[in-house]
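Reading through the structure tokens given below for one structure.
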Amino acid sequence: MTDNFWEENKCNRCGQCCMLQIRGNPRNIRPCRYLIIHADETTSCSVYERRAKKLARGELEYLGFNTHCNERRNSKNDYEGCPYNTNKTLLKVTVKKK
Ligand code: SF4
Ligand code: SF4
């Protein structure tokens, strides 16, 4: 792992790490309410600049996977095609609107 591990420009905006597992069930997944899914299927976060404060105030859902709104390196999973993967368990997630 290098110091530039979290270079944001490597992210392909697939949104997989912003999908929430309901009760920790990888088969029961829905997008975070702040995840914007664009027509070209890239994603962005509508509260990106404020998410850390929202997390601290308990306003963000946080289902125990340390994925969303945290440093990607702290995720317990890897995601297909994610440049930040570090040989963790691969979680296959389909990103689509609710
Ligand atoms: S899974 Fe990886 S590539 Fe996809 S949005 Fe998250 S950090 Fe970016
Ligand atoms: S609030 Fe967090 S989990 Fe939700 S879209 Fe933004 S970065 Fe992703």
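Starting from 1 in every chain, residues are counted up; chains themselves are A, B, ... following the order of the structure tokens, and ligands are numbered from 1 as listed.
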Q.
Any residue with an atom at most 9 Å from ligand 2 counts, using only C-alpha atoms and all ligand atoms. Which are they? Put them as a PyMOL selection string.
A. chain A and resi 15-20+31-36+43-52+54-55+60-62+67-70
I'd like a table as a tab-separated table: residues in chain A with an atom no more than 12 Å from ligand 1, each row giving the shortest atom pair and its distance in Å to one decimal, only C-alpha atoms and all ligand atoms counted, sorted by chain and rising residue number.
```
residue	atom	partner	partner_atom_place_in_ligand_line	distance
A:Phe5	CA	ligand 1	7 (S)	10.8
A:Trp6	CA	ligand 1	7 (S)	8.8
A:Glu7	CA	ligand 1	7 (S)	9.9
A:Glu8	CA	ligand 1	8 (Fe)	8.0
A:Asn9	CA	ligand 1	8 (Fe)	9.0
A:Lys10	CA	ligand 1	3 (S)	7.2
A:Cys11	CA	ligand 1	8 (Fe)	3.9
A:Asn12	CA	ligand 1	3 (S)	4.4
A:Arg13	CA	ligand 1	5 (S)	4.1
A:Cys14	CA	ligand 1	4 (Fe)	4.1
A:Gly15	CA	ligand 1	5 (S)	3.9
A:Gln16	CA	ligand 1	1 (S)	4.5
A:Cys17	CA	ligand 1	6 (Fe)	4.3
A:Cys18	CA	ligand 1	6 (Fe)	6.7
A:Met19	CA	ligand 1	6 (Fe)	9.2
A:Pro31	CA	ligand 1	5 (S)	11.8
A:Leu35	CA	ligand 1	5 (S)	10.2
A:Ile36	CA	ligand 1	5 (S)	11.5
A:Ile37	CA	ligand 1	5 (S)	11.1
A:Glu41	CA	ligand 1	5 (S)	11.2
A:Thr42	CA	ligand 1	5 (S)	8.6
A:Thr43	CA	ligand 1	5 (S)	7.4
A:Ser44	CA	ligand 1	5 (S)	8.2
A:Cys45	CA	ligand 1	5 (S)	9.7
A:Thr67	CA	ligand 1	6 (Fe)	8.5
A:His68	CA	ligand 1	6 (Fe)	8.2
A:Cys69	CA	ligand 1	6 (Fe)	10.1
A:Asn70	CA	ligand 1	7 (S)	10.3
A:Glu71	CA	ligand 1	7 (S)	8.8
A:Arg72	CA	ligand 1	7 (S)	5.9
A:Arg73	CA	ligand 1	7 (S)	8.8
A:Asn74	CA	ligand 1	7 (S)	11.0
A:Ser75	CA	ligand 1	7 (S)	9.6
A:Lys76	CA	ligand 1	1 (S)	11.7
A:Asn77	CA	ligand 1	1 (S)	9.3
A:Asp78	CA	ligand 1	1 (S)	7.4
A:Tyr79	CA	ligand 1	1 (S)	5.4
A:Glu80	CA	ligand 1	1 (S)	7.4
A:Gly81	CA	ligand 1	3 (S)	6.7
A:Cys82	CA	ligand 1	2 (Fe)	4.0
A:Pro83	CA	ligand 1	3 (S)	6.0
A:Tyr84	CA	ligand 1	2 (Fe)	6.0
A:Asn85	CA	ligand 1	2 (Fe)	7.6
A:Thr86	CA	ligand 1	2 (Fe)	11.1
A:Leu90	CA	ligand 1	1 (S)	10.6
A:Leu91	CA	ligand 1	1 (S)	9.7
A:Lys92	CA	ligand 1	1 (S)	10.0
A:Val93	CA	ligand 1	1 (S)	9.2
A:Thr94	CA	ligand 1	1 (S)	11.0
A:Val95	CA	ligand 1	4 (Fe)	9.9
```
Q. At what distance in Å, to one decimal, does atom CA of A:Glu59 lie from atom CA of A:Asn28?
A.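 So the two atoms, atom CA of A:Asn28 and atom CA of A:Glu59, lie 21.3 Å apart.
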Q.
For a test of reading the model, state the distance in Å between atom CA of A:Lys53 and atom CA of A:Lys88, rounded to one decimal.
A.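 About the pair atom CA of A:Lys53 and atom CA of A:Lys88: they are 27.8 Å apart.
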